[in-house]
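Since the structure comes first, as structure tokens, the remarks are kept for the end.
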Amino acid sequence: MIEARGVAARGAGEGGAGIPTGAAGGRKPNELRALAALTYYPFLAMMRNVATFAFGFLFPVAFISVFGLIGIGPGGARLGIARDSARGPVFDALERFPAISLVHGDRGELERQLRLGKIEGLVDISGQRVALEVNAASPMSQASRLFVQGALDGLNLQTSGVSSPTYSLQVQEVAGRTDRYIDFALPGQIGFALLSTAIFGTTFGLLFLKHALILKRLLATPVRGITILLGQGLARLIVALLQTIVILGLGVFAFGFQLANGATTFAAMVALSALGLIIFLGFGLFIAGRTSNENAASPLTNLFTLPQFLLSGVFFPSDVFPGWVRVVAENLPLSYFNVAMRQVATEGVGFSEIALPVLGLCAWGLLAYVLAARTFKWV
Amino acid sequence: MSDPIIEVESLRKHFGSVVAVDGISFSVDRGEVFGILGPNGAGKTTTLEIMETLQKPTAGSVCIDGLDVEREPWAVKSRIGVQLQSSGFYPELTLVQLLEMFAALYNVWIDPLSVLKRFQLEEKASTYYDKLSGGQKQRFSLATTLIHRPLVIFLDEPTTGLDPQARLNLWDLIREVKREGVTLVVTTHYMEEAEQLCDRLAIMDRGRIIETGTPRALIDDLLATGFRKPAIRQDATLEGVFLSLTGRTLRDD
């Protein structure tokens with residue numbers, strides 16, 4: 001085919017048969033130059049597109065910020081203490097106790113907060129007696145009791161002159177890292193962003209190209225259809241990698257997300273994102289290829305993405321589900337991706353240890369591209 | 001019919017049980033402006049898209065510059081320029097970006113600004129496509145059909161929806177393109193446009209060509225049947241009034 005296009009000079013201007021220079025016929029196309037152009041310019045267009053920006057950057061950044069703050073907020077029990085109680089050795093002991101954060105205020109106001117569950121308990125100190133009022137509905141009420149008891153025990157030991165108690169408890173942390181919600185949430189958010197970009201971006205992006213006759217106009221140029229699709233895919237890939245980097249950067253620098261092995265983990269996460277996006281793109285291509293109708297595509301995109309957003313461990317681990325739901329949940333494409341991403345991100349494992357989820361992901365990818373190739377319609 | 005650049009032979013196109021093009025044959029000479037006229041749904045766009053390699057015929061053949069469009073679509077694509085009925089461009093790219101993209105697809109090197117200047121769009125160089133007026137969009141679309149110096153360009157209803165000033169301006173540009181030796185195939189349902197622009201016409205209805213000839217010959221044939229327009233002596237048209245009141249200057253901005 002390429003050879004056939006090479007003879008384009010035939011019948012062109014220099015023939016002298018009264019054909020002026022305006023019409024020269026074509027030149028042999030350069031598929032590589034075309035691919036570069038069909039990647040770069042659609043990429044520029046995507047970055048100017050509001051939907052790409054919202055789904056790809058704004059949502060994940062907003063989620064990450066919320067989840068990041070969950071991890072950073074004051075830990076332990078919030079106990080209210082009336083102003084007139086806030087002095088003396090008992091107060092000092094409570095204030096020193098790490099798992100207790102004291103909330104100062106008027107007694108009436110604190111009682112209201114207790115009923116609303118905004119604080120876990122209300123402490124009254126009169127001399128050496130401490131009264132603790134807890135909200136029975138609060139899951140922290142038992143812990144609050146233990147915390148206050150712990151603070152008083154320490155005070156008792158101290159006042160009895162015991163500096164090295166006979167019995168003591170030593171707690172050892174198994175992982176050398178503090179596992180916070182952000183460490184769970186961030187890899188899931190990368191998966192969320194990639195799946196959104198791949199499915200919503202590709203589906204509605206391609207449907208728009210069909211409707212606005214952009215695809216048709218491109219097909220009228222001597223460039224292969226596969227080059228047009230490849231360019232679209234590469235442009236999405238660049239957008240997706242930028243997303244991963246933005247999400248990771250925000251997580252690491254703003255919320256102390258811990259990369260297991262620093263830069264190596266970062267590189268592995270970016271590489272894994274690239275793989276994930278390529279797999280997910282297959283599904284986008286499948287949905288956008290088999291219909292030209294946004295109304296028909298919309299339920300399909302949601303049918304494919306919503307269960308995965310809920311079941312695949314984006315917001316909470318999928319092992320909370322009972323038996324068969326769990327079997328389904330653990331075998332979804334996004335679950336494979338999230339499992340692999342979490343292991344790489346927080347445990348710093350090598351490729352051999354995530355081979356299984358990666359294989360599962362690739363199997364889904366194969367299915368997607370075979371389906372897409374069979375049903376794709378250009379118009 | 002001395003030197004045909006396009007030869008259409010017994011062309012048919014069916015969509016399921018619907019016959020869009022019903023066995024049409026015609027040829028287009030090198031350097032002429034050939035018009036395809038017909039009401040909506042006559043099969044004009046389908047015929048055009050088969051010539052543009054965008055659809056496959058059910059039966060029959062189209063040859064452009066001696067190349068069969070079905071067998072050698074790639075060679076044909078680099079010899080033709082295509083203006084679709086609407087848009088066809090990324091709304092989020094500027095005119096310069098779009099021209100550079102198309103130059104890369106056709107593998108030619110162009111100076112985008114001089115291309116834009118020729119079509120009175122130089123001030124819009126860094127404007128996004130979706131911010132253009134209707135006339136500017138059509139002028140830009142015409143510009144993109146020409147960047148690889150094609151032998152033939154296809155314009156599908158180029159002046160539909162334009163105001164009279166923009167339409168006259170586009171006619172001038174089309175005549176200029178013709179003077180450079182480019183062959184043009186234009187569909188329209190404006191009779192005045194066909195009469196003003198086209199060297200020869202084919203009139204289509206329900207997938208068939210019912211008449212071909214020069215505009216003058218078609219009118220003479222009709223007169224020969226004894227047809228007479230109701231004789232209202234009119235030294236000026238309403239369009240003349242409109243243009244003398246509003247001027248011929250382009251109103252794109």
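Here's how to read the names in the structure tokens: chain A, B, ... by the order shown, residue numbers from 1 in each chain, ligand numbers from 1 in the order shown.
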
Residues of chain B within 9 Å of chain A, only C-alpha atoms counted, as a PyMOL selection string: chain B and resi 30-31+52-54+65-66+72-93+97-98+100-108+146+148-152+177-183

Writing out the chosen residues with C-alpha atoms as a tab-separated table (two decimals), in the first residue's frame:
```tsv
chain	number	residue	atom	x	y	z
B	30	ARG	CA	-9.70	18.31	-15.40
B	31	GLY	CA	-9.87	21.90	-14.16
B	52	GLU	CA	-13.53	10.60	-1.18
B	53	THR	CA	-12.74	6.96	-0.20
B	54	LEU	CA	-14.82	7.39	2.96
B	65	ASP	CA	-6.66	10.48	-11.93
B	66	GLY	CA	-6.74	6.95	-13.35
B	72	GLU	CA	-5.89	2.33	-4.35
B	73	PRO	CA	-7.52	4.47	-1.67
B	74	TRP	CA	-4.19	5.72	-0.26
B	75	ALA	CA	-2.95	7.02	-3.59
B	76	VAL	CA	-6.32	8.68	-4.11
B	77	LYS	CA	-6.40	10.27	-0.64
B	78	SER	CA	-3.14	12.13	-1.23
B	79	ARG	CA	-4.49	13.53	-4.53
B	80	ILE	CA	-7.76	14.88	-3.16
B	81	GLY	CA	-8.87	17.49	-0.66
B	82	VAL	CA	-12.05	17.07	1.33
B	83	GLN	CA	-14.38	19.62	2.90
B	84	LEU	CA	-17.10	17.93	4.91
B	85	GLN	CA	-20.58	19.34	5.40
B	86	SER	CA	-19.75	20.56	8.89
B	87	SER	CA	-16.81	21.12	11.23
B	88	GLY	CA	-14.32	18.26	11.08
B	89	PHE	CA	-11.79	20.04	13.31
B	90	TYR	CA	-10.78	19.89	16.95
B	91	PRO	CA	-12.57	22.85	18.57
B	92	GLU	CA	-9.80	23.10	21.20
B	93	LEU	CA	-6.97	23.76	18.73
B	97	GLN	CA	-2.08	24.15	15.26
B	98	LEU	CA	-4.74	22.59	13.02
B	100	GLU	CA	0.36	22.13	11.20
B	101	MET	CA	-1.40	18.92	12.14
B	102	PHE	CA	-2.83	18.51	8.64
B	103	ALA	CA	0.52	19.37	7.06
B	104	ALA	CA	2.04	16.50	9.04
B	105	LEU	CA	-0.72	14.12	7.96
B	106	TYR	CA	-0.13	14.98	4.29
B	107	ASN	CA	3.63	15.11	4.91
B	108	VAL	CA	4.05	18.58	3.46
B	146	LEU	CA	-5.50	22.74	-0.34
B	148	HIS	CA	-1.06	19.36	-0.03
B	149	ARG	CA	-1.84	20.85	-3.46
B	150	PRO	CA	-4.44	18.26	-4.46
B	151	LEU	CA	-5.68	17.63	-7.99
B	152	VAL	CA	-9.32	17.55	-6.97
B	177	VAL	CA	-8.78	27.94	-6.62
B	178	LYS	CA	-10.18	26.91	-9.98
B	179	ARG	CA	-7.85	29.36	-11.76
B	180	GLU	CA	-4.91	27.50	-10.23
B	181	GLY	CA	-5.97	24.38	-12.08
B	182	VAL	CA	-7.61	22.49	-9.24
B	183	THR	CA	-10.69	20.50	-10.21
```

Just want the 9 Å neighbourhood of Ala368 in chain A, counted on only C-alpha atoms, with same-chain residues fewer than 6 positions away dropped. Output as an mmCIF file with N, CA and C atoms, in the first residue's frame.
```
data_model
loop_
_atom_site.group_PDB
_atom_site.id
_atom_site.type_symbol
_atom_site.label_atom_id
_atom_site.label_comp_id
_atom_site.auth_asym_id
_atom_site.auth_seq_id
_atom_site.Cartn_x
_atom_site.Cartn_y
_atom_site.Cartn_z
ATOM 1 N N ILE A 279 -4.468 -1.214 29.286
ATOM 2 C CA ILE A 279 -5.496 -2.252 29.422
ATOM 3 C C ILE A 279 -6.889 -1.608 29.445
ATOM 4 N N PHE A 280 -7.056 -0.581 30.289
ATOM 5 C CA PHE A 280 -8.376 0.045 30.426
ATOM 6 C C PHE A 280 -8.824 0.706 29.120
ATOM 7 N N LEU A 281 -7.853 1.234 28.333
ATOM 8 C CA LEU A 281 -8.192 1.867 27.057
ATOM 9 C C LEU A 281 -8.930 0.901 26.147
ATOM 10 N N GLY A 282 -8.551 -0.379 26.223
ATOM 11 C CA GLY A 282 -9.208 -1.393 25.390
ATOM 12 C C GLY A 282 -10.704 -1.387 25.615
ATOM 13 N N PHE A 283 -11.111 -1.236 26.875
ATOM 14 C CA PHE A 283 -12.542 -1.222 27.181
ATOM 15 C C PHE A 283 -13.203 0.052 26.664
ATOM 16 N N GLY A 284 -12.489 1.170 26.778
ATOM 17 C CA GLY A 284 -13.009 2.429 26.249
ATOM 18 C C GLY A 284 -13.221 2.332 24.744
ATOM 19 N N LEU A 285 -12.236 1.735 24.085
ATOM 20 C CA LEU A 285 -12.291 1.564 22.639
ATOM 21 C C LEU A 285 -13.460 0.663 22.257
ATOM 22 N N PHE A 286 -13.660 -0.373 23.059
ATOM 23 C CA PHE A 286 -14.758 -1.313 22.808
ATOM 24 C C PHE A 286 -16.107 -0.590 22.903
#
```

Test item: residues at most 12 Å from Ile278 in chain A, only C-alpha atoms, excluding those fewer than 3 positions along its chain, as a ChimeraX atom specification: /A:194-195,197-199,202,230,232-238,240-241,271-275,281-285,333,337,361-362,364-366,368-369

Selection: 12 Å around range 237-241 of chain B, only C-alpha atoms, excl. self and same-chain fewer than 2 positions, as a list of chain:residue names: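 Result of the neighbour search: B:Asp163, B:Pro164, B:Gln165, B:Arg167, B:Leu168, B:Glu192, B:Ile232, B:Arg233, B:Gln234, B:Asp235, B:Leu243, B:Ser244, B:Leu245, B:Thr246, B:Gly247, B:Arg248.
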
Could you write out the selected residues, including N, CA and C atoms, as a JSON list (two decimals), in the first residue's frame?
```json
[["chain", "number", "residue", "atom", "x", "y", "z"],
["B", 163, "ASP", "N", -24.12, 34.05, 5.43],
["B", 163, "ASP", "CA", -24.82, 35.27, 5.02],
["B", 163, "ASP", "C", -24.35, 35.65, 3.60],
["B", 164, "PRO", "N", -25.10, 36.51, 2.91],
["B", 164, "PRO", "CA", -24.77, 36.78, 1.50],
["B", 164, "PRO", "C", -23.33, 37.26, 1.29],
["B", 165, "GLN", "N", -22.82, 38.09, 2.20],
["B", 165, "GLN", "CA", -21.45, 38.57, 2.04],
["B", 165, "GLN", "C", -20.46, 37.41, 2.08],
["B", 167, "ARG", "N", -21.04, 34.32, 1.49],
["B", 167, "ARG", "CA", -21.24, 33.43, 0.35],
["B", 167, "ARG", "C", -20.51, 33.97, -0.88],
["B", 168, "LEU", "N", -20.69, 35.29, -1.15],
["B", 168, "LEU", "CA", -20.00, 35.90, -2.30],
["B", 168, "LEU", "C", -18.50, 35.76, -2.16],
["B", 192, "GLU", "N", -28.73, 29.37, -7.59],
["B", 192, "GLU", "CA", -27.94, 30.52, -8.02],
["B", 192, "GLU", "C", -26.45, 30.20, -7.92],
["B", 232, "ILE", "N", -42.18, 38.50, -15.02],
["B", 232, "ILE", "CA", -42.18, 39.69, -14.17],
["B", 232, "ILE", "C", -40.88, 40.40, -14.48],
["B", 233, "ARG", "N", -40.99, 41.55, -15.07],
["B", 233, "ARG", "CA", -39.76, 42.25, -15.40],
["B", 233, "ARG", "C", -39.17, 42.82, -14.11],
["B", 234, "GLN", "N", -37.91, 42.36, -13.83],
["B", 234, "GLN", "CA", -37.29, 42.74, -12.57],
["B", 234, "GLN", "C", -35.86, 43.14, -12.86],
["B", 235, "ASP", "N", -35.56, 44.42, -12.67],
["B", 235, "ASP", "CA", -34.21, 44.89, -12.98],
["B", 235, "ASP", "C", -33.25, 44.66, -11.82],
["B", 243, "LEU", "N", -27.44, 43.74, -0.62],
["B", 243, "LEU", "CA", -26.01, 43.98, -0.71],
["B", 243, "LEU", "C", -25.70, 45.46, -0.91],
["B", 244, "SER", "N", -26.60, 46.19, -1.63],
["B", 244, "SER", "CA", -26.31, 47.61, -1.81],
["B", 244, "SER", "C", -26.53, 48.36, -0.51],
["B", 245, "LEU", "N", -27.42, 47.83, 0.34],
["B", 245, "LEU", "CA", -27.64, 48.49, 1.63],
["B", 245, "LEU", "C", -26.56, 48.13, 2.64],
["B", 246, "THR", "N", -26.14, 46.85, 2.66],
["B", 246, "THR", "CA", -25.22, 46.42, 3.71],
["B", 246, "THR", "C", -23.78, 46.30, 3.23],
["B", 247, "GLY", "N", -23.57, 46.47, 1.92],
["B", 247, "GLY", "CA", -22.20, 46.41, 1.40],
["B", 247, "GLY", "C", -21.72, 44.98, 1.23],
["B", 248, "ARG", "N", -20.58, 44.85, 0.55],
["B", 248, "ARG", "CA", -20.07, 43.52, 0.28],
["B", 248, "ARG", "C", -18.98, 43.10, 1.25]]
```

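CA of Gly43 in chain B lies 23.6 Å from CA of Trp171 in chain B.
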
Strand (DSSP E or B) per DSSP on the backbone: members of range 7-192 of chain B, as number ranges by chain: B: 7-15, 18-29, 33-37, 59-64, 67-68, 80-83, 94, 128, 152-156, 183-188

Can you write out the residues you just picked, keeping N, CA and C atoms, as a compact mmCIF listing (two decimals), in the first residue's frame?
```txt
# COMPACT_ATOMS: atom_id res chain seq x y z
N GLU B 7 -13.93 9.52 -13.18
CA GLU B 7 -14.88 8.73 -13.96
C GLU B 7 -15.70 7.86 -13.02
N VAL B 8 -17.00 8.10 -13.01
CA VAL B 8 -17.91 7.33 -12.16
C VAL B 8 -18.73 6.43 -13.06
N GLU B 9 -18.73 5.13 -12.74
CA GLU B 9 -19.33 4.15 -13.65
C GLU B 9 -20.34 3.29 -12.89
N SER B 10 -21.61 3.39 -13.24
CA SER B 10 -22.68 2.52 -12.69
C SER B 10 -22.61 2.39 -11.17
N LEU B 11 -22.41 3.50 -10.48
CA LEU B 11 -22.19 3.47 -9.04
C LEU B 11 -23.49 3.22 -8.27
N ARG B 12 -23.43 2.26 -7.34
CA ARG B 12 -24.59 1.97 -6.49
C ARG B 12 -24.14 1.93 -5.04
N LYS B 13 -25.03 2.36 -4.16
CA LYS B 13 -24.76 2.20 -2.73
C LYS B 13 -26.07 1.89 -2.01
N HIS B 14 -26.10 0.76 -1.34
CA HIS B 14 -27.28 0.39 -0.56
C HIS B 14 -26.92 0.43 0.91
N PHE B 15 -27.83 0.93 1.73
CA PHE B 15 -27.72 0.77 3.19
C PHE B 15 -28.86 -0.15 3.60
N VAL B 18 -32.27 0.25 1.88
CA VAL B 18 -32.39 1.60 1.34
C VAL B 18 -31.36 1.79 0.21
N VAL B 19 -31.82 2.26 -0.92
CA VAL B 19 -30.91 2.52 -2.03
C VAL B 19 -30.56 4.01 -2.01
N ALA B 20 -29.32 4.32 -1.64
CA ALA B 20 -28.92 5.73 -1.54
C ALA B 20 -28.44 6.23 -2.89
N VAL B 21 -27.69 5.40 -3.60
CA VAL B 21 -27.20 5.76 -4.93
C VAL B 21 -27.58 4.62 -5.86
N ASP B 22 -28.25 4.96 -6.96
CA ASP B 22 -28.93 3.93 -7.74
C ASP B 22 -28.37 3.84 -9.16
N GLY B 23 -27.09 3.45 -9.25
CA GLY B 23 -26.51 3.22 -10.57
C GLY B 23 -26.27 4.49 -11.37
N ILE B 24 -25.38 5.35 -10.86
CA ILE B 24 -25.13 6.61 -11.58
C ILE B 24 -23.78 6.56 -12.29
N SER B 25 -23.68 7.26 -13.44
CA SER B 25 -22.44 7.37 -14.19
C SER B 25 -22.27 8.82 -14.61
N PHE B 26 -21.06 9.34 -14.42
CA PHE B 26 -20.74 10.67 -14.96
C PHE B 26 -19.23 10.84 -14.93
N SER B 27 -18.73 11.86 -15.58
CA SER B 27 -17.30 12.13 -15.49
C SER B 27 -17.07 13.62 -15.29
N VAL B 28 -15.93 13.94 -14.68
CA VAL B 28 -15.58 15.33 -14.39
C VAL B 28 -14.29 15.63 -15.12
N ASP B 29 -14.27 16.73 -15.86
CA ASP B 29 -13.06 17.10 -16.62
C ASP B 29 -12.04 17.80 -15.73
N VAL B 33 -15.28 23.15 -12.62
CA VAL B 33 -16.07 23.10 -11.39
C VAL B 33 -17.33 22.32 -11.71
N PHE B 34 -17.46 21.15 -11.07
CA PHE B 34 -18.58 20.27 -11.37
C PHE B 34 -19.55 20.31 -10.21
N GLY B 35 -20.80 20.61 -10.48
CA GLY B 35 -21.79 20.73 -9.42
C GLY B 35 -22.70 19.52 -9.36
N ILE B 36 -22.99 19.05 -8.15
CA ILE B 36 -24.01 18.02 -7.98
C ILE B 36 -25.16 18.67 -7.23
N LEU B 37 -26.29 18.76 -7.90
CA LEU B 37 -27.46 19.44 -7.34
C LEU B 37 -28.51 18.44 -6.94
N ALA B 59 -21.74 -1.40 -5.64
CA ALA B 59 -21.36 -1.88 -6.97
C ALA B 59 -20.92 -0.68 -7.79
N GLY B 60 -20.27 -0.94 -8.92
CA GLY B 60 -19.79 0.14 -9.77
C GLY B 60 -18.41 0.59 -9.36
N SER B 61 -17.89 1.62 -10.05
CA SER B 61 -16.51 2.04 -9.76
C SER B 61 -16.35 3.55 -9.88
N VAL B 62 -15.34 4.06 -9.18
CA VAL B 62 -14.94 5.46 -9.31
C VAL B 62 -13.44 5.49 -9.56
N CYS B 63 -13.01 6.17 -10.60
CA CYS B 63 -11.57 6.35 -10.83
C CYS B 63 -11.24 7.83 -10.73
N ILE B 64 -10.20 8.14 -9.97
CA ILE B 64 -9.73 9.52 -9.89
C ILE B 64 -8.28 9.55 -10.35
N LEU B 67 -6.87 6.25 -11.00
CA LEU B 67 -6.74 5.29 -9.90
C LEU B 67 -8.12 4.90 -9.38
N ASP B 68 -8.33 3.61 -9.20
CA ASP B 68 -9.59 3.13 -8.67
C ASP B 68 -9.66 3.44 -7.16
N ILE B 80 -6.50 14.15 -3.29
CA ILE B 80 -7.76 14.88 -3.16
C ILE B 80 -7.80 15.69 -1.86
N GLY B 81 -8.62 16.72 -1.87
CA GLY B 81 -8.87 17.49 -0.66
C GLY B 81 -10.35 17.41 -0.34
N VAL B 82 -10.67 17.35 0.95
CA VAL B 82 -12.05 17.07 1.33
C VAL B 82 -12.57 18.13 2.31
N GLN B 83 -13.69 18.76 1.94
CA GLN B 83 -14.38 19.62 2.90
C GLN B 83 -15.70 18.96 3.23
N THR B 94 -5.93 25.78 17.89
CA THR B 94 -5.91 27.04 17.14
C THR B 94 -5.74 26.72 15.66
N TYR B 128 -9.03 29.78 18.60
CA TYR B 128 -9.48 28.40 18.59
C TYR B 128 -10.57 28.22 17.54
N VAL B 152 -7.87 17.37 -7.03
CA VAL B 152 -9.32 17.55 -6.97
C VAL B 152 -9.69 17.91 -5.54
N ILE B 153 -10.61 18.85 -5.36
CA ILE B 153 -11.16 19.03 -4.03
C ILE B 153 -12.69 18.88 -4.09
N PHE B 154 -13.22 18.33 -2.99
CA PHE B 154 -14.65 18.07 -2.88
C PHE B 154 -15.22 19.00 -1.81
N LEU B 155 -16.24 19.78 -2.17
CA LEU B 155 -16.85 20.69 -1.20
C LEU B 155 -18.32 20.29 -1.04
N ASP B 156 -18.69 19.89 0.18
CA ASP B 156 -20.06 19.45 0.41
C ASP B 156 -20.87 20.60 1.00
N THR B 183 -9.34 20.91 -9.85
CA THR B 183 -10.69 20.50 -10.21
C THR B 183 -11.55 20.53 -8.95
N LEU B 184 -12.77 21.04 -9.08
CA LEU B 184 -13.65 21.11 -7.90
C LEU B 184 -14.95 20.37 -8.14
N VAL B 185 -15.34 19.59 -7.16
CA VAL B 185 -16.67 18.97 -7.18
C VAL B 185 -17.44 19.55 -6.01
N VAL B 186 -18.57 20.19 -6.30
CA VAL B 186 -19.31 20.94 -5.29
C VAL B 186 -20.75 20.44 -5.24
N THR B 187 -21.26 20.14 -4.04
CA THR B 187 -22.69 19.86 -3.94
C THR B 187 -23.38 21.11 -3.41
N THR B 188 -24.59 21.30 -3.83
CA THR B 188 -25.34 22.47 -3.33
C THR B 188 -26.82 22.24 -3.57
```

8 Å contact set for range 60-63 of chain A, only C-alpha atoms, chain neighbours under 5 positions out, as an NGL selection string: :A and (55 or 189-190 or 192-193 or 247 or 250)

Pairwise distance for CA of Phe315 in chain A and CA of Leu114 in chain A, rounded to one decimal in Å: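 About the pair CA of Phe315 in chain A and CA of Leu114 in chain A: they are 28.9 Å apart.
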
All alpha helix (DSSP H) residues (DSSP, backbone) inside range 182-348 of chain A, as a PyMOL selection string: chain A and resi 182-196+202-211+214-219+225-255+263-290+294-311+323-330+333-342

Exercise: Ile81 in chain A partners within 12 Å, only C-alpha atoms, chain neighbours under 6 positions left out, as a ChimeraX atom specification: /A:87,90-91,94-95,100-111,113-114,119-126,130-133

d(CA of Asp130 in chain B, CA of Glu193 in chain B) in Å: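 Separation between CA of Asp130 in chain B and CA of Glu193 in chain B: 26.5 Å.
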
Near-range 209-224 of chain B list (8 Å; only C-alpha atoms; drop same-chain fewer than 6 positions) as a count of residues only: 10
